[in-house]
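Raw contents of input21.txt, compact mmCIF, N, CA and C atoms and all ligand atoms:
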```txt
# COMPACT_ATOMS: atom_id res chain seq x y z
N MET A 127 129.34 116.24 73.00
CA MET A 127 129.20 114.82 72.80
C MET A 127 129.07 114.55 71.30
N SER A 128 129.84 113.58 70.85
CA SER A 128 129.81 113.25 69.43
C SER A 128 128.54 112.46 69.09
N LEU A 129 128.21 112.46 67.82
CA LEU A 129 127.03 111.73 67.37
C LEU A 129 127.21 110.23 67.62
N GLY A 130 128.42 109.74 67.43
CA GLY A 130 128.68 108.32 67.68
C GLY A 130 128.46 107.94 69.13
N GLU A 131 128.91 108.82 70.02
CA GLU A 131 128.73 108.55 71.45
C GLU A 131 127.24 108.59 71.82
N LEU A 132 126.52 109.54 71.23
CA LEU A 132 125.09 109.63 71.49
C LEU A 132 124.37 108.37 71.00
N LYS A 133 124.77 107.88 69.84
CA LYS A 133 124.16 106.65 69.32
C LYS A 133 124.47 105.46 70.22
N ARG A 134 125.70 105.40 70.73
CA ARG A 134 126.06 104.31 71.66
C ARG A 134 125.23 104.39 72.93
N ARG A 135 125.02 105.61 73.43
CA ARG A 135 124.18 105.78 74.62
C ARG A 135 122.76 105.31 74.38
N ARG A 136 122.22 105.71 73.25
CA ARG A 136 120.85 105.31 72.91
C ARG A 136 120.74 103.80 72.77
N LEU A 137 121.73 103.20 72.14
CA LEU A 137 121.72 101.75 71.96
C LEU A 137 121.82 101.06 73.32
N ALA A 138 122.70 101.57 74.19
CA ALA A 138 122.85 100.99 75.52
C ALA A 138 121.55 101.13 76.32
N LEU A 139 120.93 102.29 76.25
CA LEU A 139 119.67 102.51 76.97
C LEU A 139 118.58 101.56 76.47
N THR A 140 118.51 101.39 75.17
CA THR A 140 117.51 100.48 74.60
C THR A 140 117.80 99.05 75.04
N GLY A 141 119.06 98.66 75.02
CA GLY A 141 119.43 97.31 75.45
C GLY A 141 119.12 97.06 76.91
N ILE A 142 119.40 98.04 77.75
CA ILE A 142 119.10 97.89 79.18
C ILE A 142 117.60 97.77 79.39
N ALA A 143 116.83 98.60 78.69
CA ALA A 143 115.37 98.55 78.84
C ALA A 143 114.82 97.20 78.38
N LEU A 144 115.32 96.69 77.26
CA LEU A 144 114.86 95.38 76.79
C LEU A 144 115.25 94.27 77.75
N ALA A 145 116.48 94.30 78.23
CA ALA A 145 116.93 93.28 79.17
C ALA A 145 116.09 93.34 80.44
N ALA A 146 115.79 94.54 80.91
CA ALA A 146 114.98 94.68 82.12
C ALA A 146 113.57 94.14 81.89
N ALA A 147 113.03 94.41 80.73
CA ALA A 147 111.67 93.94 80.44
C ALA A 147 111.61 92.42 80.37
N LEU A 148 112.69 91.81 79.95
CA LEU A 148 112.69 90.35 79.79
C LEU A 148 113.03 89.62 81.09
N LEU A 149 113.64 90.31 82.04
CA LEU A 149 114.03 89.67 83.29
C LEU A 149 112.78 89.38 84.13
N PRO A 150 112.55 88.12 84.47
CA PRO A 150 111.40 87.82 85.33
C PRO A 150 111.53 88.49 86.70
N ARG A 151 110.41 88.91 87.25
CA ARG A 151 110.41 89.62 88.53
C ARG A 151 111.03 88.81 89.65
N ARG A 152 110.80 87.51 89.62
CA ARG A 152 111.33 86.67 90.71
C ARG A 152 112.86 86.72 90.77
N HIS A 153 113.51 86.91 89.62
CA HIS A 153 114.97 87.03 89.63
C HIS A 153 115.40 88.34 90.27
N LEU A 154 114.64 89.37 89.99
CA LEU A 154 114.94 90.68 90.58
C LEU A 154 114.78 90.62 92.10
N GLU A 155 113.72 89.95 92.54
CA GLU A 155 113.45 89.86 93.98
C GLU A 155 114.51 89.04 94.72
N ARG A 156 115.18 88.13 94.02
CA ARG A 156 116.18 87.25 94.66
C ARG A 156 117.59 87.83 94.65
N MET A 157 117.74 88.97 94.01
CA MET A 157 119.07 89.58 93.96
C MET A 157 119.49 90.01 95.36
N PRO A 158 120.78 89.94 95.65
CA PRO A 158 121.24 90.39 96.97
C PRO A 158 121.06 91.89 97.13
N LEU A 159 120.91 92.30 98.38
CA LEU A 159 120.80 93.73 98.66
C LEU A 159 122.09 94.44 98.28
N LEU A 160 121.96 95.55 97.60
CA LEU A 160 123.13 96.32 97.21
C LEU A 160 123.17 97.68 97.90
N CYS A 161 122.06 98.08 98.51
CA CYS A 161 121.98 99.40 99.13
C CYS A 161 122.81 99.43 100.42
N PRO A 162 123.81 100.31 100.49
CA PRO A 162 124.64 100.36 101.70
C PRO A 162 123.85 100.82 102.93
N VAL A 163 122.87 101.68 102.74
CA VAL A 163 122.07 102.14 103.88
C VAL A 163 121.28 100.97 104.46
N ARG A 164 120.66 100.22 103.61
CA ARG A 164 119.87 99.08 104.07
C ARG A 164 120.77 98.00 104.67
N LEU A 165 121.94 97.79 104.08
CA LEU A 165 122.85 96.78 104.61
C LEU A 165 123.33 97.16 106.01
N LEU A 166 123.56 98.45 106.24
CA LEU A 166 124.06 98.90 107.54
C LEU A 166 122.95 99.07 108.58
N SER A 167 121.83 99.61 108.14
CA SER A 167 120.79 99.97 109.10
C SER A 167 119.58 99.04 109.09
N ARG A 168 119.45 98.23 108.07
CA ARG A 168 118.29 97.35 107.86
C ARG A 168 117.05 98.14 107.44
N TYR A 169 117.22 99.43 107.18
CA TYR A 169 116.09 100.25 106.75
C TYR A 169 116.36 100.81 105.36
N PRO A 170 115.31 100.99 104.56
CA PRO A 170 115.51 101.46 103.19
C PRO A 170 115.94 102.92 103.13
N CYS A 171 116.72 103.23 102.10
CA CYS A 171 117.11 104.62 101.86
C CYS A 171 116.02 105.26 100.99
N PRO A 172 116.12 106.56 100.73
CA PRO A 172 115.07 107.21 99.92
C PRO A 172 114.96 106.68 98.50
N THR A 173 116.00 106.01 97.99
CA THR A 173 115.93 105.52 96.62
C THR A 173 115.70 104.02 96.52
N CYS A 174 115.62 103.34 97.63
CA CYS A 174 115.36 101.90 97.58
C CYS A 174 114.01 101.67 96.89
N GLY A 175 114.00 100.75 95.97
CA GLY A 175 112.80 100.43 95.21
C GLY A 175 112.84 100.98 93.79
N MET A 176 113.83 101.82 93.51
CA MET A 176 113.93 102.39 92.16
C MET A 176 114.13 101.30 91.12
N THR A 177 115.00 100.36 91.39
CA THR A 177 115.28 99.31 90.40
C THR A 177 114.00 98.54 90.09
N ARG A 178 113.27 98.18 91.13
CA ARG A 178 112.01 97.45 90.90
C ARG A 178 111.00 98.34 90.17
N SER A 179 110.97 99.60 90.52
CA SER A 179 110.05 100.51 89.84
C SER A 179 110.40 100.62 88.35
N TRP A 180 111.67 100.74 88.05
CA TRP A 180 112.10 100.84 86.65
C TRP A 180 111.83 99.54 85.93
N HIS A 181 112.00 98.43 86.62
CA HIS A 181 111.67 97.13 86.02
C HIS A 181 110.19 97.08 85.68
N SER A 182 109.36 97.57 86.56
CA SER A 182 107.91 97.59 86.30
C SER A 182 107.58 98.51 85.13
N VAL A 183 108.28 99.63 85.03
CA VAL A 183 108.07 100.51 83.88
C VAL A 183 108.44 99.78 82.59
N ALA A 184 109.58 99.09 82.61
CA ALA A 184 110.02 98.36 81.42
C ALA A 184 109.03 97.26 81.03
N ARG A 185 108.33 96.74 82.02
CA ARG A 185 107.34 95.69 81.76
C ARG A 185 105.95 96.28 81.54
N LEU A 186 105.92 97.60 81.38
CA LEU A 186 104.66 98.31 81.08
C LEU A 186 103.60 98.10 82.15
N ASP A 187 104.03 98.16 83.41
CA ASP A 187 103.12 98.02 84.55
C ASP A 187 103.23 99.29 85.40
N PRO A 188 102.57 100.38 85.00
CA PRO A 188 102.73 101.65 85.70
C PRO A 188 102.22 101.64 87.13
N VAL A 189 101.19 100.86 87.40
CA VAL A 189 100.65 100.82 88.76
C VAL A 189 101.68 100.21 89.71
N ARG A 190 102.26 99.11 89.28
CA ARG A 190 103.27 98.48 90.11
C ARG A 190 104.52 99.36 90.22
N ALA A 191 104.83 100.06 89.14
CA ALA A 191 105.99 100.95 89.17
C ALA A 191 105.82 102.03 90.23
N LEU A 192 104.63 102.59 90.32
CA LEU A 192 104.38 103.62 91.33
C LEU A 192 104.32 103.02 92.73
N ARG A 193 103.84 101.81 92.84
CA ARG A 193 103.81 101.14 94.14
C ARG A 193 105.23 100.79 94.61
N ASP A 194 106.08 100.41 93.66
CA ASP A 194 107.47 100.08 94.01
C ASP A 194 108.21 101.32 94.52
N HIS A 195 108.02 102.42 93.83
CA HIS A 195 108.61 103.69 94.25
C HIS A 195 107.85 104.80 93.52
N PRO A 196 107.12 105.63 94.25
CA PRO A 196 106.27 106.62 93.59
C PRO A 196 107.03 107.64 92.73
N PHE A 197 108.31 107.80 92.97
CA PHE A 197 109.09 108.74 92.17
C PHE A 197 109.92 108.02 91.10
N GLY A 198 109.87 106.70 91.09
CA GLY A 198 110.66 105.90 90.16
C GLY A 198 110.40 106.22 88.70
N PRO A 199 109.15 106.22 88.25
CA PRO A 199 108.91 106.52 86.84
C PRO A 199 109.40 107.92 86.43
N ALA A 200 109.22 108.90 87.29
CA ALA A 200 109.66 110.26 86.94
C ALA A 200 111.18 110.34 86.87
N VAL A 201 111.85 109.69 87.80
CA VAL A 201 113.33 109.69 87.78
C VAL A 201 113.82 108.95 86.53
N LEU A 202 113.19 107.83 86.22
CA LEU A 202 113.59 107.09 85.02
C LEU A 202 113.37 107.93 83.77
N ALA A 203 112.26 108.64 83.73
CA ALA A 203 112.00 109.50 82.57
C ALA A 203 113.08 110.56 82.44
N ALA A 204 113.47 111.17 83.55
CA ALA A 204 114.51 112.20 83.50
C ALA A 204 115.85 111.62 83.05
N ILE A 205 116.20 110.46 83.58
CA ILE A 205 117.46 109.82 83.19
C ILE A 205 117.42 109.43 81.71
N SER A 206 116.28 108.91 81.29
CA SER A 206 116.14 108.48 79.89
C SER A 206 116.25 109.66 78.94
N VAL A 207 115.62 110.76 79.29
CA VAL A 207 115.71 111.96 78.44
C VAL A 207 117.16 112.41 78.36
N GLY A 208 117.85 112.38 79.50
CA GLY A 208 119.26 112.78 79.51
C GLY A 208 120.13 111.89 78.66
N ALA A 209 119.86 110.59 78.70
CA ALA A 209 120.66 109.66 77.90
C ALA A 209 120.28 109.72 76.43
N TRP A 210 118.98 109.92 76.18
CA TRP A 210 118.52 109.90 74.79
C TRP A 210 118.81 111.23 74.09
N SER A 211 118.61 112.32 74.82
CA SER A 211 118.80 113.63 74.22
C SER A 211 119.35 114.60 75.26
N PRO A 212 120.67 114.73 75.34
CA PRO A 212 121.26 115.64 76.34
C PRO A 212 120.72 117.06 76.23
N SER A 213 120.46 117.54 75.03
CA SER A 213 119.94 118.91 74.91
C SER A 213 118.51 118.98 75.47
N GLY A 214 117.75 117.92 75.27
CA GLY A 214 116.41 117.85 75.86
C GLY A 214 116.47 117.85 77.37
N ALA A 215 117.47 117.18 77.92
CA ALA A 215 117.63 117.15 79.37
C ALA A 215 117.95 118.53 79.91
N GLU A 216 118.75 119.29 79.16
CA GLU A 216 119.06 120.66 79.59
C GLU A 216 117.80 121.52 79.61
N VAL A 217 116.96 121.35 78.61
CA VAL A 217 115.72 122.11 78.56
C VAL A 217 114.84 121.76 79.76
N ILE A 218 114.73 120.47 80.05
CA ILE A 218 113.90 120.05 81.18
C ILE A 218 114.48 120.56 82.49
N ALA A 219 115.80 120.48 82.64
CA ALA A 219 116.43 120.97 83.88
C ALA A 219 116.22 122.47 84.04
N THR A 220 116.31 123.20 82.94
CA THR A 220 116.10 124.65 83.00
C THR A 220 114.66 124.95 83.41
N ARG A 221 113.71 124.24 82.80
CA ARG A 221 112.31 124.46 83.15
C ARG A 221 112.03 124.05 84.60
N ALA A 222 112.64 122.95 85.04
CA ALA A 222 112.42 122.52 86.43
C ALA A 222 112.96 123.56 87.40
N ALA A 223 114.10 124.17 87.06
CA ALA A 223 114.68 125.19 87.94
C ALA A 223 113.81 126.44 87.99
N ARG A 224 113.00 126.64 86.96
CA ARG A 224 112.12 127.82 86.94
C ARG A 224 110.76 127.56 87.61
N LEU A 225 110.52 126.33 88.02
CA LEU A 225 109.26 126.04 88.70
C LEU A 225 109.19 126.84 90.00
N PRO A 226 108.01 127.17 90.44
CA PRO A 226 107.90 127.90 91.71
C PRO A 226 108.60 127.14 92.85
N VAL A 227 109.26 127.90 93.69
CA VAL A 227 110.00 127.29 94.79
C VAL A 227 109.09 126.43 95.65
N ARG A 228 107.84 126.88 95.83
CA ARG A 228 106.90 126.09 96.65
C ARG A 228 106.70 124.70 96.07
N LEU A 229 106.64 124.60 94.74
CA LEU A 229 106.46 123.30 94.09
C LEU A 229 107.72 122.45 94.25
N GLN A 230 108.88 123.07 94.11
CA GLN A 230 110.13 122.33 94.29
C GLN A 230 110.23 121.79 95.72
N VAL A 231 109.90 122.66 96.68
CA VAL A 231 109.96 122.24 98.09
C VAL A 231 108.92 121.15 98.35
N ALA A 232 107.73 121.29 97.79
CA ALA A 232 106.68 120.29 97.99
C ALA A 232 107.10 118.93 97.43
N THR A 233 107.81 118.95 96.30
CA THR A 233 108.28 117.68 95.72
C THR A 233 109.28 116.99 96.64
N VAL A 234 110.24 117.75 97.12
CA VAL A 234 111.24 117.18 98.03
C VAL A 234 110.55 116.72 99.32
N ALA A 235 109.65 117.54 99.83
CA ALA A 235 108.93 117.17 101.07
C ALA A 235 108.08 115.92 100.84
N GLY A 236 107.48 115.81 99.67
CA GLY A 236 106.69 114.62 99.36
C GLY A 236 107.55 113.38 99.34
N TRP A 237 108.70 113.49 98.73
CA TRP A 237 109.62 112.34 98.66
C TRP A 237 110.08 111.95 100.08
N LEU A 238 110.50 112.95 100.85
CA LEU A 238 110.97 112.67 102.21
C LEU A 238 109.83 112.17 103.10
N GLY A 239 108.64 112.72 102.91
CA GLY A 239 107.48 112.26 103.67
C GLY A 239 107.14 110.82 103.36
N TRP A 240 107.18 110.49 102.08
CA TRP A 240 106.94 109.10 101.69
C TRP A 240 107.99 108.19 102.30
N TRP A 241 109.26 108.63 102.29
CA TRP A 241 110.34 107.83 102.86
C TRP A 241 110.14 107.65 104.37
N GLY A 242 109.72 108.71 105.05
CA GLY A 242 109.45 108.61 106.49
C GLY A 242 108.34 107.60 106.77
N TRP A 243 107.29 107.65 105.98
CA TRP A 243 106.20 106.69 106.13
C TRP A 243 106.73 105.27 105.93
N ARG A 244 107.57 105.12 104.91
CA ARG A 244 108.13 103.81 104.59
C ARG A 244 109.01 103.30 105.74
N LEU A 245 109.79 104.20 106.34
CA LEU A 245 110.62 103.80 107.48
C LEU A 245 109.74 103.35 108.63
N ALA A 246 108.65 104.08 108.87
CA ALA A 246 107.75 103.72 109.97
C ALA A 246 107.11 102.36 109.72
N VAL A 247 106.68 102.12 108.50
CA VAL A 247 106.05 100.83 108.17
C VAL A 247 107.07 99.70 108.30
N THR A 248 108.27 99.93 107.80
CA THR A 248 109.31 98.92 107.89
C THR A 248 109.63 98.63 109.36
N HIS A 249 109.70 99.67 110.17
CA HIS A 249 109.99 99.50 111.60
C HIS A 249 108.88 98.68 112.27
N ARG A 250 107.64 99.04 111.95
CA ARG A 250 106.51 98.32 112.56
C ARG A 250 106.50 96.85 112.12
N LEU A 251 106.73 96.60 110.85
CA LEU A 251 106.73 95.21 110.36
C LEU A 251 107.86 94.40 110.96
N THR A 252 109.02 95.00 111.07
CA THR A 252 110.14 94.24 111.60
C THR A 252 109.98 94.00 113.11
N ARG A 253 109.30 94.91 113.80
CA ARG A 253 109.10 94.73 115.24
C ARG A 253 107.94 93.78 115.54
N THR A 254 106.83 93.92 114.86
CA THR A 254 105.65 93.13 115.19
C THR A 254 105.66 91.75 114.57
N ALA A 255 106.22 91.62 113.39
CA ALA A 255 106.19 90.32 112.72
C ALA A 255 107.52 89.59 112.80
N GLY A 256 108.52 90.23 113.38
CA GLY A 256 109.82 89.58 113.50
C GLY A 256 110.51 89.36 112.16
N LEU A 257 110.16 90.19 111.19
CA LEU A 257 110.77 90.05 109.87
C LEU A 257 112.06 90.84 109.81
N THR A 258 112.93 90.44 108.90
CA THR A 258 114.10 91.26 108.64
C THR A 258 113.62 92.48 107.86
N ALA A 259 114.47 93.49 107.78
CA ALA A 259 114.07 94.70 107.05
C ALA A 259 113.77 94.38 105.60
N LYS A 260 114.56 93.47 104.99
CA LYS A 260 114.30 93.12 103.59
C LYS A 260 112.96 92.42 103.47
N GLU A 261 112.69 91.47 104.36
CA GLU A 261 111.40 90.78 104.30
C GLU A 261 110.27 91.74 104.58
N GLY A 262 110.47 92.62 105.55
CA GLY A 262 109.43 93.57 105.92
C GLY A 262 109.05 94.50 104.79
N THR A 263 110.04 94.85 103.99
CA THR A 263 109.75 95.77 102.90
C THR A 263 109.27 95.06 101.65
N GLN A 264 109.33 93.74 101.65
CA GLN A 264 108.88 93.00 100.47
C GLN A 264 107.65 92.16 100.76
N THR A 265 107.07 92.32 101.95
CA THR A 265 105.90 91.53 102.31
C THR A 265 104.63 92.27 101.93
N GLY A 266 103.76 91.59 101.26
CA GLY A 266 102.47 92.19 100.93
C GLY A 266 102.56 93.12 99.74
N SER A 267 101.65 93.00 98.83
CA SER A 267 101.74 93.80 97.61
C SER A 267 101.62 95.29 97.87
N SER A 268 100.82 95.69 98.87
CA SER A 268 100.64 97.11 99.11
C SER A 268 101.82 97.72 99.85
N LEU A 269 102.67 96.89 100.40
CA LEU A 269 103.80 97.40 101.16
C LEU A 269 105.13 97.08 100.50
N ALA A 270 105.08 96.59 99.28
CA ALA A 270 106.32 96.26 98.60
C ALA A 270 107.09 97.51 98.26
N PHE A 271 108.26 97.63 98.76
CA PHE A 271 109.09 98.80 98.47
C PHE A 271 110.19 98.39 97.53
ZN ZN B 1 118.57 102.03 99.22
```

As structure tokens, what does this structure read like?
Ligand SMILES: [Zn+2]
Amino acid sequence: MSLGELKRRRLALTGIALAAALLPRRHLERMPLLCPVRLLSRYPCPTCGMTRSWHSVARLDPVRALRDHPFGPAVLAAISVGAWSPSGAEVIATRAARLPVRLQVATVAGWLGWWGWRLAVTHRLTRTAGLTAKEGTQTGSSLAF
């Protein structure tokens, strides 16, 4: 990658972060659903909530970012490192690959377990309250996905 391309990436990343920080939350909440899994099944996929989580990170609200998606800040950090410093991303990827297998499996299991819990909550909300899947996943601050 050329230095010019790296500078363009960094500039684009900074611009996206600034734009995200300036976008009011209510505009984000009113955006149409883009997730094909949710559009087809009415249930969230494992990555639903990442955009809101990253928006919360950009607005310096780590608690809300983790509530939106508990893996959102870590994924954003990994993507940002990759965009900001590709060689740094290689170092992180190499170190992550050397982590004990039990830790790698626990991370994936944690993500899938959280997603399963989220599916169950969404199912319960849509059945008991008659909400759509989108409404069910956006109702209540503790259940906002
Ligand atoms: Zn999704």

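Here CA of Ala147 in chain A stands at a distance of 6.9 Å from atom N of Leu186 in chain A.
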
request  = Could you report the residues within 10 Å of ligand ZN 1 (chain B), using only C-alpha atoms and all ligand atoms, as a list in words?
outcome  = Leu159, Leu160, Cys161, Pro162, Val163, Arg164, Leu165, Arg168, Tyr169, Pro170, Cys171, Pro172, Thr173, Cys174, Gly175, Met176 and Thr177 of chain A

task = Going by DSSP on the backbone, which bits of chain A are helix (DSSP H, G or I)? Write them as a PyMOL selection string, please.
result = chain A and resi 129-148+151-155+162-167+176-184+188-194+198-210+212-223+227-254+259-264+267-269

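Ranking A:Arg178, A:Thr252, A:Ala215, A:Leu229 by their shortest atom-to-atom distance to Arg193 in chain A, with all atoms listed in the file included, puts A:Arg178 first.
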
note = With distances taken over only N, CA and C atoms, the candidate from A:Ala184, A:Ile205, A:Ala235, A:Leu166 nearest Ala146 in chain A is A:Ala184

Any chance you could work out the axis-aligned box around range 215-219 of chain A, listed atoms only, 4 Å on each side, giving centre and edge lengths in Å to one decimal, as lines of an AutoDock Vina configuration file?
```
center_x = 116.5
center_y = 119.8
center_z = 81.0
size_x = 13.2
size_y = 13.3
size_z = 14.1
```

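The residue set within 12 Å of Gly236 in chain A, counting only C-alpha atoms and dropping same-chain residues fewer than 6 places from it, reads Pro172, Pro196, Phe197, Arg228, Leu229, Gln230, Gly242 and Trp243 of chain A.
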
key: Straight-line distance linking CA of Leu154 in chain A with CA of Ser211 in chain A, stated in Å to one decimal   = 28.4 Å

key: Between CA of Trp237 in chain A and CA of Gly198 in chain A - distance in Å to one decimal   =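 CA of Trp237 in chain A lies at a distance of 10.7 Å from CA of Gly198 in chain A.
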